[in-house]
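Enquirer: Below is the structure I would like to discuss, written out as structure tokens.
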Amino acid sequence: MTLRIATWNINSVRFRLDIVERFLRDHAPDILCLQETKVIDGDFPHAMFEELGYRHRLLNGQRMHHGVATLSRIPLTEDRRHDWQDNGEARHIGARLPNGLLVENVYVPAGGDVPDADVNPKFGQKLAFLERMTRWSEALREDTVIVGDFNVAPLECDVWSHKALLDVVSHTPIEIEALARLQAAHDWVDLGRHFVPPPTPFYTWWSYRAADWKASDRGRRLDHVWASPAVAQTATRFEVIRDARDWGKPSDHVPQIATFNL
DNA sequence: ATGGCTGGTAGAACCAGA
């Protein structure tokens, strides 16, 4: 069976419902994992997803900020919500497919401005979140795909300037080391870099503040698709929908789609 | 070479994103 899983930080699913529909009509993944839905579950825009066949929906939303949703054409039989920051924010939803595969949708905290937990509590919370994910990964024995906005760009070629961003939250050594411990805890395979090996530049986010995001190309690879080693061996294709950064009223992140032949 | 932008919410000289 072929399985295509997409991930996209949408920055408000209601405000961008038209481009989500465009993405689903053009690319038709089996499963779409959204982050930053910015909507409580009671106000989620179900109708468009239902009409396009995404009849199975797991939501973990909250008022104003954050929030994740997993929309699927395949039945989803489990609903787990880890609070890896231990502060009540909605940043994870876990699903199980009929074949047993786990699909974990996660939105790692951005971490604020200053990369010092003593002066910026958000940075400490981000590191704590990654540490708790690491403990969870160590205990994980099942075939799993984990996707989402990890808010860390680990490699030098994951940012437009390694030198300029060394002290910028998302690319600091302390975050990169925390992400490396997480990756090692389950031998997670970074499918993005499996299909686009270093040193090829590879970004999934470009700031809204650039006058011309494409011309300046000051991006970062903040969004990731990781798989258990056995699952990663079944991956056949990886798509980055860069065009979506230019769709009307775009998100600052672009979608990615991984294809598996299970 | 960061922040010049953005959405949600209230009705902000805001908050959060990253």
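Ordered as shown in the structure tokens, chains take letters A, B, and onward, while each chain numbers its residues from 1 and ligands are numbered from 1 in the order shown.
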Based on the backbone DSSP call, show me all residues of segment 38-91 of chain A assigned strand (DSSP E or B), as number ranges by chain.
Expert: A: 56-60, 68-72, 80
Enquirer: Enumerate, in order of chain and increasing residue number, the residues of chain B with an atom no farther than 9 Å from chain A, each with its shortest atom pair and distance in Å to one decimal, counting only C-alpha atoms (C1' of nucleotides), as a tab-separated table.
Expert:
```
residue	atom	partner	partner_atom	distance
B:DA1	C1'	A:Ala164	CA	7.5
B:DG3	C1'	A:Arg209	CA	6.6
B:DG4	C1'	A:Arg209	CA	6.1
B:DC5	C1'	A:Arg209	CA	4.6
B:DT6	C1'	A:Tyr208	CA	7.1
B:DG7	C1'	A:Ser12	CA	7.0
B:DG8	C1'	A:Met64	CA	5.5
B:DT9	C1'	A:Met64	CA	7.5
B:DA16	C1'	A:His65	CA	7.5
B:DG17	C1'	A:Ala110	CA	7.2
B:DA18	C1'	A:Ala110	CA	6.1
```
Enquirer: Output N, CA and C atoms (P, O5', C5', C4', C3', O3' and C1' of nucleotides) for every residue in that selection, as a PDB file, in the first residue's frame.
Expert:
```pdb
ATOM      1  P    DA B   1      25.172  43.833   9.773  1.00  0.00           P
ATOM      2  O5'  DA B   1      24.356  42.503  10.164  1.00  0.00           O
ATOM      3  C5'  DA B   1      23.626  42.520  11.362  1.00  0.00           C
ATOM      4  C4'  DA B   1      22.309  41.836  11.092  1.00  0.00           C
ATOM      5  C3'  DA B   1      22.433  40.320  10.864  1.00  0.00           C
ATOM      6  O3'  DA B   1      21.408  39.651  11.583  1.00  0.00           O
ATOM      7  C1'  DA B   1      21.271  41.315   9.068  1.00  0.00           C
ATOM      8  P    DG B   3      15.940  43.320  15.644  1.00  0.00           P
ATOM      9  O5'  DG B   3      14.725  43.743  14.688  1.00  0.00           O
ATOM     10  C5'  DG B   3      14.926  44.754  13.682  1.00  0.00           C
ATOM     11  C4'  DG B   3      13.798  44.695  12.697  1.00  0.00           C
ATOM     12  C3'  DG B   3      12.417  44.554  13.346  1.00  0.00           C
ATOM     13  O3'  DG B   3      11.484  45.194  12.453  1.00  0.00           O
ATOM     14  C1'  DG B   3      12.778  42.716  11.960  1.00  0.00           C
ATOM     15  P    DG B   4      10.825  46.503  12.976  1.00  0.00           P
ATOM     16  O5'  DG B   4      10.268  47.188  11.673  1.00  0.00           O
ATOM     17  C5'  DG B   4       9.088  46.733  11.077  1.00  0.00           C
ATOM     18  C4'  DG B   4       9.168  46.915   9.586  1.00  0.00           C
ATOM     19  C3'  DG B   4       8.648  45.707   8.793  1.00  0.00           C
ATOM     20  O3'  DG B   4       7.944  46.159   7.654  1.00  0.00           O
ATOM     21  C1'  DG B   4      10.842  46.187   8.151  1.00  0.00           C
ATOM     22  P    DC B   5       6.382  45.968   7.626  1.00  0.00           P
ATOM     23  O5'  DC B   5       6.157  44.396   7.717  1.00  0.00           O
ATOM     24  C5'  DC B   5       6.614  43.554   6.674  1.00  0.00           C
ATOM     25  C4'  DC B   5       5.934  42.205   6.803  1.00  0.00           C
ATOM     26  C3'  DC B   5       4.407  42.296   6.837  1.00  0.00           C
ATOM     27  O3'  DC B   5       3.885  41.237   6.046  1.00  0.00           O
ATOM     28  C1'  DC B   5       5.188  41.254   8.813  1.00  0.00           C
ATOM     29  P    DT B   6       2.378  41.196   5.622  1.00  0.00           P
ATOM     30  O5'  DT B   6       1.725  40.280   6.729  1.00  0.00           O
ATOM     31  C5'  DT B   6       2.002  38.884   6.742  1.00  0.00           C
ATOM     32  C4'  DT B   6       1.357  38.246   7.943  1.00  0.00           C
ATOM     33  C3'  DT B   6      -0.098  38.625   8.162  1.00  0.00           C
ATOM     34  O3'  DT B   6      -0.924  37.561   7.718  1.00  0.00           O
ATOM     35  C1'  DT B   6       1.150  38.507  10.196  1.00  0.00           C
ATOM     36  P    DG B   7      -2.512  37.734   7.778  1.00  0.00           P
ATOM     37  O5'  DG B   7      -2.890  37.062   9.178  1.00  0.00           O
ATOM     38  C5'  DG B   7      -2.599  35.691   9.397  1.00  0.00           C
ATOM     39  C4'  DG B   7      -3.151  35.246  10.730  1.00  0.00           C
ATOM     40  C3'  DG B   7      -4.626  35.591  10.957  1.00  0.00           C
ATOM     41  O3'  DG B   7      -5.250  34.480  11.578  1.00  0.00           O
ATOM     42  C1'  DG B   7      -3.294  36.605  12.645  1.00  0.00           C
ATOM     43  P    DG B   8      -6.782  34.571  12.015  1.00  0.00           P
ATOM     44  O5'  DG B   8      -6.677  34.900  13.568  1.00  0.00           O
ATOM     45  C5'  DG B   8      -6.046  33.963  14.429  1.00  0.00           C
ATOM     46  C4'  DG B   8      -6.256  34.351  15.865  1.00  0.00           C
ATOM     47  C3'  DG B   8      -7.695  34.733  16.210  1.00  0.00           C
ATOM     48  O3'  DG B   8      -8.024  34.198  17.488  1.00  0.00           O
ATOM     49  C1'  DG B   8      -6.258  36.543  16.702  1.00  0.00           C
ATOM     50  P    DT B   9      -9.483  34.229  18.052  1.00  0.00           P
ATOM     51  O5'  DT B   9      -9.477  35.522  18.980  1.00  0.00           O
ATOM     52  C5'  DT B   9      -8.634  35.554  20.128  1.00  0.00           C
ATOM     53  C4'  DT B   9      -8.561  36.962  20.669  1.00  0.00           C
ATOM     54  C3'  DT B   9      -9.925  37.611  20.942  1.00  0.00           C
ATOM     55  O3'  DT B   9     -10.071  37.773  22.347  1.00  0.00           O
ATOM     56  C1'  DT B   9      -8.390  39.110  19.904  1.00  0.00           C
ATOM     57  P    DA B  16       2.733  36.086  25.003  1.00  0.00           P
ATOM     58  O5'  DA B  16       2.980  35.367  23.613  1.00  0.00           O
ATOM     59  C5'  DA B  16       1.964  34.540  23.078  1.00  0.00           C
ATOM     60  C4'  DA B  16       2.315  34.200  21.656  1.00  0.00           C
ATOM     61  C3'  DA B  16       3.770  33.749  21.461  1.00  0.00           C
ATOM     62  O3'  DA B  16       3.761  32.387  21.026  1.00  0.00           O
ATOM     63  C1'  DA B  16       3.103  35.342  19.813  1.00  0.00           C
ATOM     64  P    DG B  17       5.140  31.636  20.774  1.00  0.00           P
ATOM     65  O5'  DG B  17       5.313  31.799  19.201  1.00  0.00           O
ATOM     66  C5'  DG B  17       4.270  31.364  18.346  1.00  0.00           C
ATOM     67  C4'  DG B  17       4.524  31.861  16.944  1.00  0.00           C
ATOM     68  C3'  DG B  17       5.889  31.494  16.343  1.00  0.00           C
ATOM     69  O3'  DG B  17       5.680  31.016  15.030  1.00  0.00           O
ATOM     70  C1'  DG B  17       5.504  33.757  16.064  1.00  0.00           C
ATOM     71  P    DA B  18       6.600  29.770  14.509  1.00  0.00           P
ATOM     72  O5'  DA B  18       8.074  30.374  14.472  1.00  0.00           O
ATOM     73  C5'  DA B  18       8.622  30.674  13.207  1.00  0.00           C
ATOM     74  C4'  DA B  18      10.046  31.181  13.368  1.00  0.00           C
ATOM     75  C3'  DA B  18      10.934  30.410  14.341  1.00  0.00           C
ATOM     76  O3'  DA B  18      12.215  30.187  13.769  1.00  0.00           O
ATOM     77  C1'  DA B  18      11.013  32.692  14.855  1.00  0.00           C
TER      78       DA B  18
END
```
Enquirer: As a VMD selection string, please: the residues near Ile146 of chain A (cut-off 8 Å, only C-alpha atoms (C1' of nucleotides), same-chain neighbours under 5 positions excluded).
Expert: chain A and resid 103 to 106 225 to 227
Enquirer: Between atom CA of Asp79 of chain A and atom CA of Ile93 of chain A, measure the distance and give it in Å to one decimal.
Expert: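 Atom CA of Ile93 of chain A lies at a distance of 6.6 Å from atom CA of Asp79 of chain A.
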Enquirer: Skipping near chain neighbours, those fewer than 4 positions away, what residues fall within 8 Å of Leu127 of chain A using only C-alpha atoms (C1' of nucleotides), listed as number ranges by chain?
Expert: A: 123, 131, 175, 178
Enquirer: Which residues, written as an MDAnalysis selection string, have at least one atom at most 8 Å from Arg237 of chain A, with only C-alpha atoms (C1' of nucleotides) counted and residues fewer than 4 positions away on the same chain left out?
Expert: chainID A and resid 195 258:260
Enquirer: With DSSP run on the backbone, what are the helix (DSSP H, G or I) residues within segment 68-229 of chain A? I'd like them as a ChimeraX atom specification.
Expert: /A:121-139,156-158,162-165,173-184,191-195,213-216,229
Enquirer: Excluding same-chain residues fewer than 4 positions from His194 of chain A, what lies within 12 Å of it counting only C-alpha atoms (C1' of nucleotides), as a list in words?
Expert: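 What passes the distance filter is Trp188, Val189, Asp190, Pro198, Pro199, Thr200, Phe202, His224, Val225, Trp226, Ala227, Pro229, Ala232, Gln233, Ala235, Thr236, Arg237, Phe238 and Ala258 of chain A.
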Enquirer: Can I get the selected residues back with N, CA and C atoms, as a PDB file, in the first residue's frame?
Expert:
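Generated file (selection39.pdb):
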```pdb
ATOM      1  N   TRP A 188      15.723   7.985  14.889  1.00  0.00           N
ATOM      2  CA  TRP A 188      14.842   8.605  13.902  1.00  0.00           C
ATOM      3  C   TRP A 188      15.616   8.935  12.622  1.00  0.00           C
ATOM      4  N   VAL A 189      15.028   8.628  11.481  1.00  0.00           N
ATOM      5  CA  VAL A 189      15.620   8.992  10.189  1.00  0.00           C
ATOM      6  C   VAL A 189      14.976  10.295   9.708  1.00  0.00           C
ATOM      7  N   ASP A 190      15.822  11.288   9.462  1.00  0.00           N
ATOM      8  CA  ASP A 190      15.392  12.598   8.939  1.00  0.00           C
ATOM      9  C   ASP A 190      15.149  12.428   7.438  1.00  0.00           C
ATOM     10  N   PRO A 198      22.810  16.878   2.503  1.00  0.00           N
ATOM     11  CA  PRO A 198      23.727  18.007   2.601  1.00  0.00           C
ATOM     12  C   PRO A 198      24.810  17.865   1.543  1.00  0.00           C
ATOM     13  N   PRO A 199      25.373  18.973   1.079  1.00  0.00           N
ATOM     14  CA  PRO A 199      25.191  20.358   1.555  1.00  0.00           C
ATOM     15  C   PRO A 199      24.149  21.159   0.758  1.00  0.00           C
ATOM     16  N   THR A 200      23.212  20.507   0.116  1.00  0.00           N
ATOM     17  CA  THR A 200      22.190  21.252  -0.631  1.00  0.00           C
ATOM     18  C   THR A 200      21.351  22.093   0.330  1.00  0.00           C
ATOM     19  N   PHE A 202      18.241  23.730   1.980  1.00  0.00           N
ATOM     20  CA  PHE A 202      16.876  23.196   2.025  1.00  0.00           C
ATOM     21  C   PHE A 202      16.139  23.940   3.144  1.00  0.00           C
ATOM     22  N   HIS A 224       9.862  19.202   9.765  1.00  0.00           N
ATOM     23  CA  HIS A 224      10.568  17.939   9.568  1.00  0.00           C
ATOM     24  C   HIS A 224       9.621  16.748   9.471  1.00  0.00           C
ATOM     25  N   VAL A 225      10.109  15.714   8.779  1.00  0.00           N
ATOM     26  CA  VAL A 225       9.433  14.420   8.717  1.00  0.00           C
ATOM     27  C   VAL A 225      10.468  13.372   9.126  1.00  0.00           C
ATOM     28  N   TRP A 226      10.223  12.765  10.267  1.00  0.00           N
ATOM     29  CA  TRP A 226      11.129  11.721  10.775  1.00  0.00           C
ATOM     30  C   TRP A 226      10.372  10.405  10.823  1.00  0.00           C
ATOM     31  N   ALA A 227      11.119   9.297  10.620  1.00  0.00           N
ATOM     32  CA  ALA A 227      10.492   7.969  10.657  1.00  0.00           C
ATOM     33  C   ALA A 227      11.377   6.995  11.413  1.00  0.00           C
ATOM     34  N   PRO A 229      13.437   3.631  11.835  1.00  0.00           N
ATOM     35  CA  PRO A 229      14.317   3.095  10.789  1.00  0.00           C
ATOM     36  C   PRO A 229      13.616   2.151   9.815  1.00  0.00           C
ATOM     37  N   ALA A 232      11.378   4.144   7.546  1.00  0.00           N
ATOM     38  CA  ALA A 232      12.162   4.980   6.633  1.00  0.00           C
ATOM     39  C   ALA A 232      12.616   4.179   5.408  1.00  0.00           C
ATOM     40  N   GLN A 233      12.858   2.890   5.599  1.00  0.00           N
ATOM     41  CA  GLN A 233      13.292   2.054   4.469  1.00  0.00           C
ATOM     42  C   GLN A 233      12.209   1.918   3.405  1.00  0.00           C
ATOM     43  N   ALA A 235      10.282   4.492   2.502  1.00  0.00           N
ATOM     44  CA  ALA A 235      10.022   5.814   1.910  1.00  0.00           C
ATOM     45  C   ALA A 235      10.514   5.838   0.469  1.00  0.00           C
ATOM     46  N   THR A 236       9.656   6.320  -0.428  1.00  0.00           N
ATOM     47  CA  THR A 236      10.002   6.301  -1.850  1.00  0.00           C
ATOM     48  C   THR A 236      10.100   7.688  -2.476  1.00  0.00           C
ATOM     49  N   ARG A 237       9.525   8.701  -1.809  1.00  0.00           N
ATOM     50  CA  ARG A 237       9.479  10.021  -2.439  1.00  0.00           C
ATOM     51  C   ARG A 237       9.309  11.081  -1.365  1.00  0.00           C
ATOM     52  N   PHE A 238       9.835  12.283  -1.645  1.00  0.00           N
ATOM     53  CA  PHE A 238       9.704  13.397  -0.700  1.00  0.00           C
ATOM     54  C   PHE A 238       9.493  14.673  -1.504  1.00  0.00           C
ATOM     55  N   ALA A 258       5.704  13.159   2.346  1.00  0.00           N
ATOM     56  CA  ALA A 258       6.525  11.944   2.263  1.00  0.00           C
ATOM     57  C   ALA A 258       5.646  10.793   1.800  1.00  0.00           C
TER      58      ALA A 258
END
```
Enquirer: For Asp26 of chain A, please output as a PyMOL selection string all residues within 12 Å (counting only C-alpha atoms (C1' of nucleotides); exclusion window: fewer than 5 positions along the same chain).
Expert: chain A and resi 19-21+52+241+243-244
Enquirer: Report, in Å to a single decimal, how far apart atom C1' of DC15 of chain B and atom CA of Pro121 of chain A are.
Expert: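 Pair atom CA of Pro121 of chain A / atom C1' of DC15 of chain B returns 15.6 Å.
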Enquirer: What is the distance between atom CA of Leu179 of chain A and atom CA of Leu130 of chain A, in Å to one decimal?
Expert: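 About the pair atom CA of Leu179 of chain A and atom CA of Leu130 of chain A: they are 6.9 Å apart.
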Enquirer: Which is closest to Gly192 of chain A among A:Glu239, A:Asp83, A:Glu138, A:Asp43, if we use only C-alpha atoms?
Expert: A:Glu239
